[in-house]
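Peer 1: upload-v4.pdb is reproduced in full below (PDB, C-alpha atoms, pLDDT in the B column).
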```pdb
ATOM      1  CA  MET A   1       2.760  -8.531  -7.517  1.00 77.00           C
ATOM      2  CA  LEU A   2       0.947  -5.193  -7.359  1.00 82.00           C
ATOM      3  CA  THR A   3      -1.837  -6.538  -9.527  1.00 86.00           C
ATOM      4  CA  TRP A   4      -2.174  -9.647  -7.353  1.00 81.00           C
ATOM      5  CA  HIS A   5      -2.215  -7.523  -4.187  1.00 82.00           C
ATOM      6  CA  GLY A   6      -4.887  -5.246  -5.641  1.00 86.00           C
ATOM      7  CA  MET A   7      -6.998  -8.184  -6.758  1.00 87.00           C
ATOM      8  CA  LEU A   8      -6.899  -9.525  -3.185  1.00 85.00           C
ATOM      9  CA  PHE A   9      -8.225  -6.168  -1.921  1.00 84.00           C
ATOM     10  CA  VAL A  10     -10.937  -6.069  -4.566  1.00 89.00           C
ATOM     11  CA  GLY A  11     -11.909  -9.737  -4.119  1.00 88.00           C
ATOM     12  CA  GLN A  12     -12.180  -9.426  -0.353  1.00 86.00           C
ATOM     13  CA  GLY A  13     -14.171  -6.197  -0.712  1.00 87.00           C
ATOM     14  CA  ILE A  14     -16.622  -7.872  -3.082  1.00 90.00           C
ATOM     15  CA  LEU A  15     -17.084 -10.758  -0.629  1.00 89.00           C
ATOM     16  CA  VAL A  16     -17.694  -8.318   2.221  1.00 88.00           C
ATOM     17  CA  GLU A  17     -20.164  -6.228   0.214  1.00 88.00           C
ATOM     18  CA  ALA A  18     -22.013  -9.365  -0.909  1.00 89.00           C
ATOM     19  CA  GLY A  19     -22.373 -10.450   2.721  1.00 87.00           C
ATOM     20  CA  THR A  20     -20.353 -13.622   2.232  1.00 89.00           C
ATOM     21  CA  VAL A  21     -17.688 -12.496   4.703  1.00 85.00           C
ATOM     22  CA  ALA A  22     -18.775 -10.775   7.916  1.00 87.00           C
ATOM     23  CA  ILE A  23     -16.710  -7.929   9.338  1.00 87.00           C
ATOM     24  CA  ASP A  24     -17.152  -5.458  12.173  1.00 87.00           C
ATOM     25  CA  PRO A  25     -19.605  -2.745  11.046  1.00 85.00           C
ATOM     26  CA  ALA A  26     -17.060  -0.097  12.070  1.00 85.00           C
ATOM     27  CA  LEU A  27     -14.700  -1.450   9.390  1.00 85.00           C
ATOM     28  CA  ARG A  28     -17.273  -1.387   6.583  1.00 83.00           C
ATOM     29  CA  SER A  29     -16.262   2.067   5.319  1.00 84.00           C
ATOM     30  CA  ILE A  30     -12.603   1.015   5.254  1.00 85.00           C
ATOM     31  CA  SER A  31     -13.547  -2.086   3.281  1.00 85.00           C
ATOM     32  CA  ARG A  32     -15.417   0.044   0.745  1.00 85.00           C
ATOM     33  CA  TRP A  33     -12.380   2.346   0.488  1.00 85.00           C
ATOM     34  CA  TYR A  34     -10.111  -0.607  -0.293  1.00 83.00           C
ATOM     35  CA  LEU A  35     -12.625  -2.067  -2.761  1.00 84.00           C
ATOM     36  CA  GLY A  36     -13.395   1.124  -4.646  1.00 84.00           C
ATOM     37  CA  LEU A  37     -10.113   2.959  -4.695  1.00 87.00           C
ATOM     38  CA  TRP A  38      -7.077   1.397  -3.070  1.00 87.00           C
ATOM     39  CA  GLY A  39      -7.348  -2.073  -4.624  1.00 88.00           C
ATOM     40  CA  SER A  40      -8.163  -0.652  -8.038  1.00 89.00           C
ATOM     41  CA  TRP A  41      -5.055   1.554  -7.952  1.00 91.00           C
ATOM     42  CA  PHE A  42      -2.882  -1.421  -7.096  1.00 90.00           C
ATOM     43  CA  VAL A  43      -4.338  -3.377 -10.032  1.00 92.00           C
ATOM     44  CA  LEU A  44      -3.802  -0.485 -12.444  1.00 93.00           C
ATOM     45  CA  GLY A  45      -0.312   0.192 -11.086  1.00 92.00           C
ATOM     46  CA  GLY A  46       0.674  -3.446 -11.518  1.00 90.00           C
ATOM     47  CA  LEU A  47      -0.609  -3.484 -15.081  1.00 93.00           C
ATOM     48  CA  ALA A  48       1.281  -0.248 -15.826  1.00 94.00           C
ATOM     49  CA  PHE A  49       4.540  -1.637 -14.407  1.00 90.00           C
ATOM     50  CA  GLY A  50       4.018  -4.846 -16.378  1.00 88.00           C
ATOM     51  CA  ALA A  51       3.494  -2.888 -19.593  1.00 93.00           C
ATOM     52  CA  ALA A  52       6.592  -0.785 -18.924  1.00 92.00           C
ATOM     53  CA  GLY A  53       8.659  -3.897 -18.245  1.00 87.00           C
ATOM     54  CA  ARG A  54       7.425  -5.561 -21.408  1.00 88.00           C
ATOM     55  CA  ALA A  55       8.235  -2.474 -23.473  1.00 91.00           C
ATOM     56  CA  HIS A  56      11.720  -2.385 -21.971  1.00 89.00           C
ATOM     57  CA  VAL A  57      12.363  -6.056 -22.769  1.00 88.00           C
ATOM     58  CA  LEU A  58      11.098  -5.664 -26.344  1.00 89.00           C
ATOM     59  CA  ALA A  59      13.361  -2.623 -26.882  1.00 90.00           C
ATOM     60  CA  SER A  60      16.422  -4.279 -25.370  1.00 88.00           C
ATOM     61  CA  PRO A  61      19.097  -5.754 -27.658  1.00 90.00           C
ATOM     62  CA  ASP A  62      19.657  -8.578 -25.134  1.00 89.00           C
ATOM     63  CA  ARG A  63      16.113  -9.854 -24.594  1.00 88.00           C
ATOM     64  CA  ARG A  64      17.219 -13.196 -23.213  1.00 90.00           C
ATOM     65  CA  ARG A  65      19.131 -11.602 -20.346  1.00 91.00           C
ATOM     66  CA  GLU A  66      16.323  -9.142 -19.620  1.00 89.00           C
ATOM     67  CA  ARG A  67      13.747 -11.937 -19.588  1.00 87.00           C
ATOM     68  CA  ALA A  68      15.923 -14.012 -17.236  1.00 91.00           C
ATOM     69  CA  ALA A  69      16.254 -11.056 -14.854  1.00 89.00           C
ATOM     70  CA  GLY A  70      12.479 -10.614 -14.901  1.00 85.00           C
ATOM     71  CA  ILE A  71      11.912 -14.273 -14.103  1.00 89.00           C
ATOM     72  CA  VAL A  72      14.377 -14.121 -11.192  1.00 93.00           C
ATOM     73  CA  GLY A  73      12.683 -10.977  -9.859  1.00 87.00           C
ATOM     74  CA  ALA A  74       9.198 -12.455 -10.173  1.00 85.00           C
ATOM     75  CA  ALA A  75      10.308 -15.677  -8.468  1.00 91.00           C
ATOM     76  CA  GLY A  76      11.833 -13.663  -5.620  1.00 90.00           C
ATOM     77  CA  GLY A  77       8.647 -11.646  -5.188  1.00 84.00           C
ATOM     78  CA  LEU A  78       6.547 -14.791  -5.242  1.00 86.00           C
ATOM     79  CA  GLY A  79       8.859 -16.370  -2.656  1.00 90.00           C
ATOM     80  CA  LEU A  80       8.484 -13.370  -0.353  1.00 87.00           C
ATOM     81  CA  PHE A  81       4.713 -13.496  -0.802  1.00 81.00           C
ATOM     82  CA  VAL A  82       4.604 -17.173   0.172  1.00 87.00           C
ATOM     83  CA  ILE A  83       6.835 -16.581   3.211  1.00 90.00           C
ATOM     84  CA  ALA A  84       4.637 -13.676   4.345  1.00 84.00           C
ATOM     85  CA  LEU A  85       1.505 -15.777   3.814  1.00 81.00           C
ATOM     86  CA  VAL A  86       2.870 -18.722   5.809  1.00 87.00           C
ATOM     87  CA  ALA A  87       4.148 -16.432   8.576  1.00 87.00           C
ATOM     88  CA  CYS A  88       0.821 -14.516   8.654  1.00 79.00           C
ATOM     89  CA  ILE A  89       2.574 -11.209   8.010  1.00 79.00           C
ATOM     90  CA  GLY A  90       0.552  -8.532   6.270  1.00 62.00           C
TER      91      GLY A  90
END
```
Show how you would write the structure in this file as structure tokens.

Peer 2:
Amino acid sequence: MLTWHGMLFVGQGILVEAGTVAIDPALRSISRWYLGLWGSWFVLGGLAFGAAGRAHVLASPDRRRERAAGIVGAAGGLGLFVIALVACIG
């Protein structure tokens, strides 16, 4: 979810910088901030959490249970994302 969130920041920033999406000139510096730093940190943080989760599952004696818990957690996060998207929150 962090990686997805960061990629949204980076993707929108690229579209703004390319001139495809117009924004208020006063918000341009904020858009560059999100593109260059904030979004990138979210992407890297998501990849780091994913790597840590994978290492934990591989080291666990009960991989099946760990994998099931991960799937339930990811499905819950995806559900919250869809609800927020439909409700225009965030």

Peer 1: Exactly which residues make up the result of the PyMOL selection byres ((chain A and resi 10) around 10) on this file, given as a ChimeraX atom specification?

Peer 2: /A:4-9,11-16,31-40,42-43

Peer 1: Could the residues in this selection be written to a file with C-alpha atoms, as a PDB file, keeping the file's coordinate frame?

Peer 2:
```pdb
ATOM      1  CA  TRP A   4      -2.174  -9.647  -7.353  1.00 81.00           C
ATOM      2  CA  HIS A   5      -2.215  -7.523  -4.187  1.00 82.00           C
ATOM      3  CA  GLY A   6      -4.887  -5.246  -5.641  1.00 86.00           C
ATOM      4  CA  MET A   7      -6.998  -8.184  -6.758  1.00 87.00           C
ATOM      5  CA  LEU A   8      -6.899  -9.525  -3.185  1.00 85.00           C
ATOM      6  CA  PHE A   9      -8.225  -6.168  -1.921  1.00 84.00           C
ATOM      7  CA  GLY A  11     -11.909  -9.737  -4.119  1.00 88.00           C
ATOM      8  CA  GLN A  12     -12.180  -9.426  -0.353  1.00 86.00           C
ATOM      9  CA  GLY A  13     -14.171  -6.197  -0.712  1.00 87.00           C
ATOM     10  CA  ILE A  14     -16.622  -7.872  -3.082  1.00 90.00           C
ATOM     11  CA  LEU A  15     -17.084 -10.758  -0.629  1.00 89.00           C
ATOM     12  CA  VAL A  16     -17.694  -8.318   2.221  1.00 88.00           C
ATOM     13  CA  SER A  31     -13.547  -2.086   3.281  1.00 85.00           C
ATOM     14  CA  ARG A  32     -15.417   0.044   0.745  1.00 85.00           C
ATOM     15  CA  TRP A  33     -12.380   2.346   0.488  1.00 85.00           C
ATOM     16  CA  TYR A  34     -10.111  -0.607  -0.293  1.00 83.00           C
ATOM     17  CA  LEU A  35     -12.625  -2.067  -2.761  1.00 84.00           C
ATOM     18  CA  GLY A  36     -13.395   1.124  -4.646  1.00 84.00           C
ATOM     19  CA  LEU A  37     -10.113   2.959  -4.695  1.00 87.00           C
ATOM     20  CA  TRP A  38      -7.077   1.397  -3.070  1.00 87.00           C
ATOM     21  CA  GLY A  39      -7.348  -2.073  -4.624  1.00 88.00           C
ATOM     22  CA  SER A  40      -8.163  -0.652  -8.038  1.00 89.00           C
ATOM     23  CA  PHE A  42      -2.882  -1.421  -7.096  1.00 90.00           C
ATOM     24  CA  VAL A  43      -4.338  -3.377 -10.032  1.00 92.00           C
TER      25      VAL A  43
END
```

Peer 1: Smallest atom-to-atom distance to A:Leu2: which of A:Pro61, A:Gly46, A:Gly70, A:Gly79, using all atoms listed in the file?

Peer 2: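 Ranked by minimum distance to A:Leu2, first place goes to A:Gly46.
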
Peer 1: Atom CA of A:Met1 to atom CA of A:Ile89: how many Å, to one decimal?

Peer 2: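 A separation of 15.8 Å between them.
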
Peer 1: Between atom CA of A:Ala74 and atom CA of A:Arg54, what is the distance, to one decimal in Å?

Peer 2: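 Value for the atom CA of A:Ala74-atom CA of A:Arg54 distance: 13.3 Å.
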
Peer 1: For the atom pair atom CA of A:Asp24 and atom CA of A:Trp41, what is the interatomic distance in Å to one decimal place?

Peer 2: 24.5 Å

Peer 1: Which residues come within 12 Å of A:Arg67, counting only C-alpha atoms, excluding same-chain residues fewer than 6 positions away, as a list in words?

Peer 2: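 Final neighbour list, sorted by chain and number: Gly53, Arg54, Ala55, His56, Val57, Leu58, Ala59, Ser60, Pro61, Gly73 and Ala74 of chain A.
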
Peer 1: Output C-alpha atoms for every residue in the selection just made, as a PDB file, in the frame of the given file.

Peer 2:
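Written output follows (part-v7.pdb):
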```pdb
ATOM      1  CA  GLY A  53       8.659  -3.897 -18.245  1.00 87.00           C
ATOM      2  CA  ARG A  54       7.425  -5.561 -21.408  1.00 88.00           C
ATOM      3  CA  ALA A  55       8.235  -2.474 -23.473  1.00 91.00           C
ATOM      4  CA  HIS A  56      11.720  -2.385 -21.971  1.00 89.00           C
ATOM      5  CA  VAL A  57      12.363  -6.056 -22.769  1.00 88.00           C
ATOM      6  CA  LEU A  58      11.098  -5.664 -26.344  1.00 89.00           C
ATOM      7  CA  ALA A  59      13.361  -2.623 -26.882  1.00 90.00           C
ATOM      8  CA  SER A  60      16.422  -4.279 -25.370  1.00 88.00           C
ATOM      9  CA  PRO A  61      19.097  -5.754 -27.658  1.00 90.00           C
ATOM     10  CA  GLY A  73      12.683 -10.977  -9.859  1.00 87.00           C
ATOM     11  CA  ALA A  74       9.198 -12.455 -10.173  1.00 85.00           C
TER      12      ALA A  74
END
```
